[in-house]
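Data from my_file26.tsv: TSV, C-alpha atoms and all ligand atoms
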chain	number	residue	atom	x	y	z
J	1	MET	CA	-14.76	-2.20	13.52
J	2	SER	CA	-17.09	0.72	13.13
J	3	LYS	CA	-20.54	-0.02	11.71
J	4	CYS	CA	-20.18	1.46	8.22
J	5	SER	CA	-16.64	2.79	7.73
J	6	THR	CA	-13.17	2.24	9.15
J	7	VAL	CA	-9.97	4.28	8.79
J	8	ILE	CA	-6.62	2.49	8.89
J	9	SER	CA	-3.03	3.61	8.32
J	10	PHE	CA	-1.61	2.08	5.19
J	11	ASN	CA	1.70	2.65	3.47
J	12	TYR	CA	0.74	3.02	-0.21
J	13	ASP	CA	2.68	4.66	-3.03
J	14	VAL	CA	0.92	8.03	-3.42
J	15	ASP	CA	3.23	9.21	-6.23
J	16	LEU	CA	2.59	6.12	-8.33
J	17	LEU	CA	-1.19	6.28	-7.83
J	18	SER	CA	-1.18	10.04	-8.57
J	19	LYS	CA	0.76	9.54	-11.79
J	20	TRP	CA	-1.73	6.88	-12.73
J	21	ARG	CA	-4.65	9.14	-11.80
J	22	ASN	CA	-3.40	11.65	-14.36
J	23	VAL	CA	-3.56	8.96	-17.02
J	24	ILE	CA	-7.19	8.25	-16.08
J	25	MET	CA	-8.08	11.91	-16.25
J	26	GLU	CA	-6.98	11.88	-19.88
J	27	HIS	CA	-9.52	9.12	-20.53
J	28	GLN	CA	-11.43	11.30	-23.02
J	29	ASP	CA	-8.68	10.35	-25.39
J	30	PRO	CA	-10.26	7.63	-27.59
J	31	LYS	CA	-7.46	5.18	-26.81
J	32	HIS	CA	-8.59	5.12	-23.16
J	33	SER	CA	-12.34	5.00	-23.63
J	34	GLU	CA	-12.32	1.26	-24.19
J	35	TRP	CA	-11.06	0.55	-20.66
J	36	VAL	CA	-12.74	3.29	-18.66
J	37	LEU	CA	-16.08	1.50	-18.36
J	38	GLU	CA	-17.98	4.39	-16.88
J	39	HIS	CA	-17.31	8.12	-16.49
J	40	LEU	CA	-19.75	10.12	-14.36
J	41	ASP	CA	-19.67	13.89	-13.88
J	42	LEU	CA	-22.04	14.49	-10.95
J	43	ASN	CA	-22.90	17.65	-8.98
J	44	ALA	CA	-20.23	17.22	-6.34
J	45	MET	CA	-17.85	14.63	-7.78
J	46	THR	CA	-16.56	12.80	-10.81
J	47	ILE	CA	-16.17	9.01	-10.93
J	48	ASP	CA	-14.27	6.85	-13.40
J	49	GLN	CA	-14.80	3.10	-13.01
J	50	MET	CA	-12.37	0.56	-14.41
J	51	PRO	CA	-12.28	-3.23	-14.19
J	52	PHE	CA	-8.59	-4.29	-14.22
J	53	LYS	CA	-9.27	-7.03	-16.75
J	54	ILE	CA	-9.88	-4.55	-19.57
J	55	MET	CA	-7.01	-2.23	-18.62
J	56	PRO	CA	-3.50	-2.20	-20.10
J	57	ASP	CA	-1.17	-4.56	-18.19
J	58	GLU	CA	1.31	-1.82	-17.28
J	59	LEU	CA	-1.38	0.21	-15.50
J	60	TYR	CA	-2.64	-2.82	-13.62
J	61	GLU	CA	0.94	-3.67	-12.59
J	62	ASP	CA	1.58	-0.12	-11.36
J	63	VAL	CA	-1.55	-0.23	-9.20
J	64	ALA	CA	-0.70	-3.67	-7.81
J	65	LYS	CA	2.77	-2.39	-6.88
J	66	ALA	CA	1.42	0.84	-5.34
J	67	VAL	CA	-1.08	-0.92	-3.03
J	68	ALA	CA	0.95	-4.05	-2.11
J	69	PRO	CA	0.55	-6.20	-0.05
J	70	ILE	CA	-3.13	-5.95	-0.99
J	71	ASN	CA	-3.63	-8.77	-3.50
J	72	VAL	CA	-5.17	-7.22	-6.61
J	73	ILE	CA	-6.62	-9.88	-8.94
J	74	LYS	CA	-6.70	-8.72	-12.55
J	75	ASP	CA	-9.69	-10.79	-13.64
J	76	GLU	CA	-11.83	-9.98	-10.62
J	77	HIS	CA	-11.17	-6.60	-9.08
J	78	CYS	CA	-12.03	-3.07	-10.19
J	79	CYS	CA	-10.74	0.35	-9.36
J	80	SER	CA	-11.89	3.93	-9.67
J	81	ILE	CA	-10.70	7.50	-9.56
J	82	GLU	CA	-13.19	9.54	-7.53
J	83	ARG	CA	-12.71	13.31	-7.31
J	84	LEU	CA	-14.65	15.53	-4.89
J	85	LYS	CA	-15.29	18.99	-6.30
J	86	PRO	CA	-14.22	22.07	-4.27
J	87	ASN	CA	-16.80	23.55	-1.87
J	88	THR	CA	-19.43	20.89	-2.52
J	89	LYS	CA	-21.18	18.11	-0.64
J	90	VAL	CA	-22.05	14.60	-1.82
J	91	GLU	CA	-25.47	14.06	-0.23
J	92	LEU	CA	-26.21	10.91	1.76
J	93	HIS	CA	-26.88	7.96	-0.55
J	94	ILE	CA	-26.39	4.23	-1.10
J	95	ASP	CA	-24.47	3.08	-4.19
J	96	HIS	CA	-27.57	1.47	-5.77
J	97	GLY	CA	-26.07	1.95	-9.24
J	98	MET	CA	-23.27	-0.47	-8.34
J	99	ASN	CA	-25.75	-3.40	-8.36
J	100	PHE	CA	-24.74	-5.31	-5.24
J	101	THR	CA	-25.28	-8.79	-6.66
J	102	ALA	CA	-24.22	-8.91	-10.32
J	103	GLY	CA	-22.65	-7.06	-13.23
J	104	PRO	CA	-19.13	-5.93	-14.11
J	105	LEU	CA	-19.10	-3.07	-11.59
J	106	VAL	CA	-20.72	-4.84	-8.65
J	107	ARG	CA	-19.42	-3.22	-5.49
J	108	LYS	CA	-20.40	-3.67	-1.85
J	109	THR	CA	-17.39	-2.03	-0.28
J	110	ASN	CA	-15.12	0.77	-1.45
J	111	VAL	CA	-11.52	0.92	-0.25
J	112	LEU	CA	-10.57	4.57	-0.65
J	113	PHE	CA	-7.02	5.97	-0.75
J	114	ASN	CA	-6.62	9.72	-0.22
J	115	LEU	CA	-4.15	11.13	-2.77
J	116	SER	CA	-4.62	14.77	-1.69
J	117	ASP	CA	-2.91	16.92	0.92
J	118	ARG	CA	-6.29	17.83	2.41
J	119	PRO	CA	-8.39	15.47	4.53
J	120	CYS	CA	-11.41	13.72	3.01
J	121	ASN	CA	-14.55	13.97	5.17
J	122	ILE	CA	-16.99	11.08	4.85
J	123	ILE	CA	-20.45	11.55	6.36
J	124	HIS	CA	-23.05	9.06	7.60
J	125	GLU	CA	-26.68	9.27	8.67
J	126	ASP	CA	-25.50	9.18	12.30
J	127	SER	CA	-22.99	12.03	12.33
J	128	LYS	CA	-21.17	10.44	15.27
J	129	LEU	CA	-19.92	7.85	12.75
J	130	ASN	CA	-18.47	10.46	10.36
J	131	LYS	CA	-14.83	9.90	9.42
J	132	SER	CA	-11.96	12.03	8.21
J	133	PHE	CA	-8.96	10.43	6.53
J	134	HIS	CA	-5.67	11.76	5.23
J	135	LYS	CA	-2.93	10.83	2.79
J	136	GLY	CA	-1.27	7.69	4.21
J	137	GLU	CA	-4.60	6.37	5.43
J	138	ILE	CA	-7.33	4.38	3.74
J	139	LEU	CA	-11.03	4.31	4.42
J	140	ILE	CA	-12.96	1.06	4.12
J	141	LEU	CA	-16.53	2.10	3.33
J	142	ASP	CA	-19.72	0.02	3.28
J	143	VAL	CA	-21.45	1.43	0.18
J	144	THR	CA	-24.60	-0.64	0.87
J	145	ASP	CA	-25.11	1.67	3.88
J	146	THR	CA	-25.84	5.40	3.73
J	147	HIS	CA	-22.80	7.64	3.15
J	148	GLY	CA	-21.73	10.92	1.56
J	149	ALA	CA	-18.81	13.34	1.57
J	150	ASP	CA	-18.49	16.90	2.80
J	151	ASN	CA	-16.01	19.08	0.95
J	152	THR	CA	-17.89	22.36	1.60
J	153	ASP	CA	-15.09	23.95	3.63
J	154	CYS	CA	-12.36	23.10	1.16
J	155	ASP	CA	-11.56	25.11	-1.97
J	156	GLU	CA	-9.55	22.29	-3.55
J	157	TRP	CA	-10.41	19.07	-5.33
J	158	ILE	CA	-9.95	15.94	-3.19
J	159	ASP	CA	-8.62	13.07	-5.28
J	160	LEU	CA	-9.33	9.52	-4.20
J	161	PHE	CA	-8.29	6.18	-5.60
J	162	GLY	CA	-10.90	3.47	-5.02
J	163	LEU	CA	-10.30	-0.27	-4.96
J	164	ASN	CA	-13.18	-2.72	-5.29
J	165	LEU	CA	-12.13	-6.13	-3.95
J	166	ARG	CA	-15.70	-7.42	-4.40
J	167	MET	CA	-16.12	-8.42	-0.78
J	168	THR	CA	-18.66	-7.43	1.84
J	169	TYR	CA	-17.66	-4.75	4.34
J	170	SER	CA	-17.00	-7.22	7.18
J	171	ASP	CA	-15.03	-9.59	4.91
J	172	THR	CA	-12.92	-6.64	3.71
J	173	ILE	CA	-12.17	-5.62	7.30
J	174	GLU	CA	-11.17	-9.22	8.11
J	175	TYR	CA	-8.97	-9.37	4.99
J	176	PHE	CA	-7.07	-6.21	6.01
J	177	LYS	CA	-6.35	-7.77	9.42
J	178	THR	CA	-4.40	-10.52	7.63
J	179	LEU	CA	-2.02	-8.11	5.83
J	201	FE	FE	-21.24	6.43	-2.84

Could you render the structure as structure tokens?
Amino acid sequence: MSKCSTVISFNYDVDLLSKWRNVIMEHQDPKHSEWVLEHLDLNAMTIDQMPFKIMPDELYEDVAKAVAPINVIKDEHCCSIERLKPNTKVELHIDHGMNFTAGPLVRKTNVLFNLSDRPCNIIHEDSKLNKSFHKGEILILDVTDTHGADNTDCDEWIDLFGLNLRMTYSDTIEYFKTL
């Protein structure tokens, strides 16, 4: 286990998650605004945060199927669509806004699925710990530790699906060993 992020191969349904991503991107439609809890349009990325418990059942069921055997609990877990903008860099940060102890979006660890054909480059304070992950891989990321993303050499959007299982980084790593 690396200190702040780990890449593992994982056989998830990219087509199903990508179809679902398109639904999220239409969230400006008033019928979606009640279940997209937060939409952020930042300098280098956009983030849409969604707790499963306020989402339509069919979307939750699609996600659960796409990421099986990960056990997605409707009343507890959250997910996100996170899109890195072309030729930009997400500067090093900690996800303070996620409130690590309480609140509907509390998140200590982000499990990221790459839905794009291009690699996603995650950066850390110690550049020796930087990671690159591709479609067919997931990145388990400790968001209580410093991280960012470097998309400066890529002229395409990188689309990521994020799963928040509400566990610490080390507990998440241990959970994935059981799958
Ligand atoms: Fe972050």

Using 7 Å as the limit and counting all atoms listed in the file, can you tabulate each residue of chain J that touches ligand FE 201 (chain J), with its shortest atom-to-atom distance in Å and the two atoms involved, as a Markdown table?
| residue | atom | partner | partner_atom | distance |
| --- | --- | --- | --- | --- |
| J:His93 | CA | J:FE201 | FE | 6.3 |
| J:Ile94 | CA | J:FE201 | FE | 5.9 |
| J:Asp95 | CA | J:FE201 | FE | 4.8 |
| J:Val143 | CA | J:FE201 | FE | 5.8 |
| J:His147 | CA | J:FE201 | FE | 6.3 |
| J:Gly148 | CA | J:FE201 | FE | 6.3 |

When you count all atoms listed in the file, which of these residues is closest to J:Phe133: J:Lys85, J:Arg118, J:His96, J:Lys53?
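Looking at the shortest contact to J:Phe133, the residue is J:Arg118.
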
Within 8 Å of J:Glu38 using only C-alpha atoms, minus same-chain residues under 2 positions, as number ranges by chain
J: 36, 40, 47-50

Quick check, in Å to one decimal: how far apart do atom CA of J:Glu174 and atom CA of J:Leu115 lie?
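Atom-to-atom, atom CA of J:Glu174 to atom CA of J:Leu115, that is 24.1 Å.
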
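Take atom CA of J:Leu84 and atom CA of J:Asn121: the distance between them is 10.2 Å.
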
What gap, in Å, lies between atom CA of J:Val72 and atom CA of J:Leu160?
17.4 Å

Got a sec: who's within 10 Å of J:Tyr12, counting only C-alpha atoms, leaving out chain neighbours fewer than 5 positions off, as a PyMOL selection string?
chain J and resi 17+63+65-70+113-115+135-138

For J:Thr101, which residue out of J:Lys89, J:Lys177, J:Asp13, J:Met167 is the nearest one, using only C-alpha atoms?
J:Met167

Best match for closeness to J:Asp126 among J:Thr146, J:Trp157, J:Val111, J:Ile81, counting only C-alpha atoms
J:Thr146

Nearest candidate to J:Asn43 (options J:Asp153, J:Asp142, J:Asp159, J:Glu91; using only C-alpha atoms):
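So, comparing all the options, the nearest one is J:Glu91.
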
When you get a chance, write out N, CA and C atoms for stretch 9-26 of chain J, as a tab-separated table (two decimals), in the frame of the given file.
chain	number	residue	atom	x	y	z
J	9	SER	N	-4.28	3.12	8.92
J	9	SER	CA	-3.03	3.61	8.32
J	9	SER	C	-2.55	2.58	7.33
J	10	PHE	N	-2.07	3.04	6.19
J	10	PHE	CA	-1.61	2.08	5.19
J	10	PHE	C	-0.54	2.75	4.35
J	11	ASN	N	0.56	2.04	4.15
J	11	ASN	CA	1.70	2.65	3.47
J	11	ASN	C	1.64	2.39	1.95
J	12	TYR	N	0.86	3.20	1.24
J	12	TYR	CA	0.74	3.02	-0.21
J	12	TYR	C	1.57	4.06	-0.95
J	13	ASP	N	1.82	3.79	-2.23
J	13	ASP	CA	2.68	4.66	-3.03
J	13	ASP	C	1.83	5.78	-3.65
J	14	VAL	N	1.76	6.91	-2.97
J	14	VAL	CA	0.92	8.03	-3.42
J	14	VAL	C	1.39	8.54	-4.79
J	15	ASP	N	2.71	8.64	-4.97
J	15	ASP	CA	3.23	9.21	-6.23
J	15	ASP	C	2.83	8.34	-7.42
J	16	LEU	N	2.93	7.03	-7.23
J	16	LEU	CA	2.59	6.12	-8.33
J	16	LEU	C	1.09	6.18	-8.64
J	17	LEU	N	0.26	6.20	-7.60
J	17	LEU	CA	-1.19	6.28	-7.83
J	17	LEU	C	-1.58	7.64	-8.42
J	18	SER	N	-0.86	8.71	-8.04
J	18	SER	CA	-1.18	10.04	-8.57
J	18	SER	C	-0.80	10.15	-10.04
J	19	LYS	N	0.34	9.55	-10.39
J	19	LYS	CA	0.76	9.54	-11.79
J	19	LYS	C	-0.29	8.80	-12.63
J	20	TRP	N	-0.75	7.72	-12.06
J	20	TRP	CA	-1.73	6.88	-12.73
J	20	TRP	C	-3.09	7.59	-12.84
J	21	ARG	N	-3.43	8.34	-11.78
J	21	ARG	CA	-4.65	9.14	-11.80
J	21	ARG	C	-4.64	10.11	-12.98
J	22	ASN	N	-3.48	10.70	-13.25
J	22	ASN	CA	-3.40	11.65	-14.36
J	22	ASN	C	-3.70	10.96	-15.69
J	23	VAL	N	-3.26	9.71	-15.80
J	23	VAL	CA	-3.56	8.96	-17.02
J	23	VAL	C	-5.08	8.77	-17.17
J	24	ILE	N	-5.73	8.44	-16.05
J	24	ILE	CA	-7.19	8.25	-16.08
J	24	ILE	C	-7.90	9.53	-16.49
J	25	MET	N	-7.40	10.65	-15.97
J	25	MET	CA	-8.08	11.91	-16.25
J	25	MET	C	-7.98	12.30	-17.73
J	26	GLU	N	-7.07	11.64	-18.44
J	26	GLU	CA	-6.98	11.88	-19.88
J	26	GLU	C	-7.84	10.88	-20.65
